[in-house]
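Undergrad: Have a look at this one before I ask anything.
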Amino acid sequence: MNICIVGAGYVGLTTAAVLANIGHTVYCTDRDATKIDKLKRGIVPIFEPGLTEMIALNQAEGRLFFGANVRRHMMNCPVVMIAVGTPSAKNGSADMRFVRCVVKDLSLVIRSPKTIIMKSTVPPGTADWIDTLLQEYGVSPDMFELASNPEFLREGSAIEDTVHPDRIIIGAKKKETALMVKELYHAIETKFLLTGRMEAELIKYASNAFLATKISFINEISRVCDVFNADITEVARGIGMDDRIGPKFLHAGLGYGGSCFPKDVNALNYSASSKEVELELLEAVMKINRSQLEIYMNKLNHKLGKNRDHVRIAVWGATFKENTDDIRYSQAIAFMKKLTKQGYEVYAYDPLVSPPIPSVVWCSDKYKAVVQADALVIATGWPELIEADWNRVKQLMKRNIVLDGRNCLDKKTMEAYGFELAGVGRP
Ligand code: NAD
């Protein structure tokens with residue numbers, strides 16, 4: 001099957017690579033001509049384990065192509081998958097301008113029947129809205145079918161998640177449309193749920209909202225652990241042993257970030273309130289996430305004392321989580337900004353990124369960042385940071401305070417090295 005994927009970002013590129021790998025001919029297009037030019041030359045503009053290799057293999061075997069002429073590629077393919085961004089608008093709703101632009105482009109090139117598949121995360125009602133929009137742009141309704149097929153991959157393990165997904169959700173009005181979309185994934189063994197379009201759109205939002213809720217829940221429990229001198233990592237382990245709950249997304253820390261959870265929780269909240277439904281639980285989830293950084297900051301301030309003059313903090317990790325180069329809504333970066341605002345000198349290191357942040361000094365090496373530091377903050381749980389040479393770190397630092405913002409360090413081991421480990425819910 002010839003498939004056009006619009007949007008060569010984390011979702012578009014991964015989907016393109018995997019669909020080509022299972023035998024489809026895939027044309028991946030993006031309005032960013034520089035990005036496409038790089039991709040044509042084998043340079044993958046994002047970091048995602050295994051992606052570069054899979055793209056190269058499928059380009060070489062003539063199943064994966066890149067092009068910046070969005071309309072031409074859409075015109076030539078019977079299946080068009082939309083994977084453009086749906087960022088947060090100022091009012092918290094999903095900003096649909098990129099989707100609208102794709103729909104407009106599509107309307108200009110639909111000359112033969114097309115199946116349009118929405119992979120981007122979009123508010124409930126989007127498929128109906130696109131139906132109406134295409135007809136307003138003059139496209140006859142018998143020239144297209146629209147399916148909602150939300151994506152659940154996680155950055156850092158995107159290829160693995162796409163090859164072995166927990167489930168594939170397909171929302172369509174007609175059964176034959178759903179079955180046609182299902183057939184695209186013929187080589188992928190998983191559970192399929194064929195459902196309505198509105199339901200599919202809501203499944204994606206509700207899934208992310210639930211996971212964000214789990215994180216805020218455990219962060220709230222960590223506050224209780226803190227005042228009762230209990231270890232949140234032990235408490236989380238015990239909770240997670242219950243099959244009904246499970247161990248995932250029960251890691252207390254600086255809070256959730258990234259390009260999905262904050263915007264999707266906000267957008268779901270906005271969609272509900274537009275229909276006069278108040279989401280009290282999700283309001284609390286967002287509030288807990290916002291205040292989490294403040295709680296960590298108080299911990300650090302308490303350890304360091306009142307004098308901020310020439311107090312030097314090393315921050316390890318800037319991406320929103322390990323194994324990605326994505327810094328969108330990163331709590332690590334939000335924490336760095338808070339530190340500089342409070343008057344601390346910040347020396348930062350991340351294995352992949354060094355975005356410009358006023359007053360933050362980026363170091364090319366994790367050990368350089370800790371030289372003469374009064375405290376070290378672990379803001380992202382990169383394996384290379386957890387497995388650092390802690391003896392060396394101890395010798396390079398001025399003082400011995402380590403604030404573990406991801407609860408990824410073993411307390412006893414760190415104490416054996418002579419560190420004072422600080423965190424929320426780590427007695
Ligand atoms: P991204 O920002 O990495 O990529 C989006 C791409 O779309 C960009 O390269 C951009 O240039 C391109 N684009 C924008 N408008 C275009 C247009 N009119 N024509 C052609 N190309 C256009 O985004 P992403 O992280 O891949 O996310 C895409 C969607 O998938 C979002 O709705 C997101 O919420 C959802 N999603 C993301 C993830 C994730 O982990 N990143 C996981 C699941 C779902």
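We label chains A, B, ... in the order they appear in the structure tokens, count residues from 1 in each chain, and number ligands from 1 in the order shown.
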Return as a ChimeraX atom specification the full set of residues in range 202-258 of chain A whose backbone-based DSSP assignment is helix (DSSP H, G or I).

TA: /A:202-228,232-240

Undergrad: Using only C-alpha atoms and all ligand atoms, which residues have at least one atom no more than 7 Å from ligand 1? Output them as JSON, numbers by chain.

TA: {"A": [6, 7, 8, 9, 10, 11, 12, 29, 30, 31, 32, 70, 83, 84, 85, 86, 87, 98, 99, 101, 102, 119, 120, 121, 122, 150, 151, 152, 153, 154, 155, 259, 260]}

Undergrad: Quick one: residues within 6 Å of range 348-353 of chain A, only C-alpha atoms counted, chain neighbours fewer than 5 positions away excluded, as a VMD selection string?

TA: chain A and resid 314 to 318 325 362 to 363 366 369

Undergrad: Identify all residues of range 20-237 of chain A in strand (DSSP E) (DSSP on the backbone) and supply them as a count of residues only.

TA: 33

Undergrad: Measuring atom to atom with only C-alpha atoms, identify which of A:Ile313, A:Leu193, A:Leu409, A:Ala373 is nearest to Val393 in chain A.

TA: A:Ala373

Undergrad: For a test of reading the model, state the distance in Å between CA of Pro113 in chain A and CA of Met74 in chain A, rounded to one decimal.

TA: 11.6 Å

Undergrad: So, counting only C-alpha atoms, which residue among A:Ile327, A:Arg308, A:Glu283, A:Thr319 is closest to Gly343 in chain A?

TA: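 Nearest to Gly343 in chain A: A:Arg308.
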
Undergrad: Give me the residues within 8 Å of Ser330 in chain A as a PyMOL selection string, counting only C-alpha atoms and dropping any in the same chain fewer than 2 places off.

TA: chain A and resi 257-258+318-321+327-328+332-334

Undergrad: Give me the residues near range 263-275 of chain A as a PyMOL selection string, where near means some atom within 6 Å (using only C-alpha atoms) and where sequence neighbours in that chain fewer than 3 positions away do not count.

TA: chain A and resi 88+92-94+209+260+278

Undergrad: Would you mind reading off the distance between CA of Asn208 in chain A and CA of Glu276 in chain A, one decimal, in Å?

TA: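 Going from CA of Asn208 in chain A over to CA of Glu276 in chain A, I get 21.2 Å.
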
Undergrad: Could you check the closest approach to Glu201 in chain A for each of A:Thr213, A:Leu304, A:Phe144, A:Ile169 and tell me which residue wins, using only C-alpha atoms?

TA: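 When distances to Glu201 in chain A are compared using only C-alpha atoms, the smallest one comes from A:Ile169.
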
Undergrad: Ranking A:Leu13, A:Ile130, A:Leu300, A:Ala252 by minimum distance to Met96 in chain A and counting only C-alpha atoms, which one comes first?

TA: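 Looking at the shortest contact to Met96 in chain A, the residue is A:Ile130.
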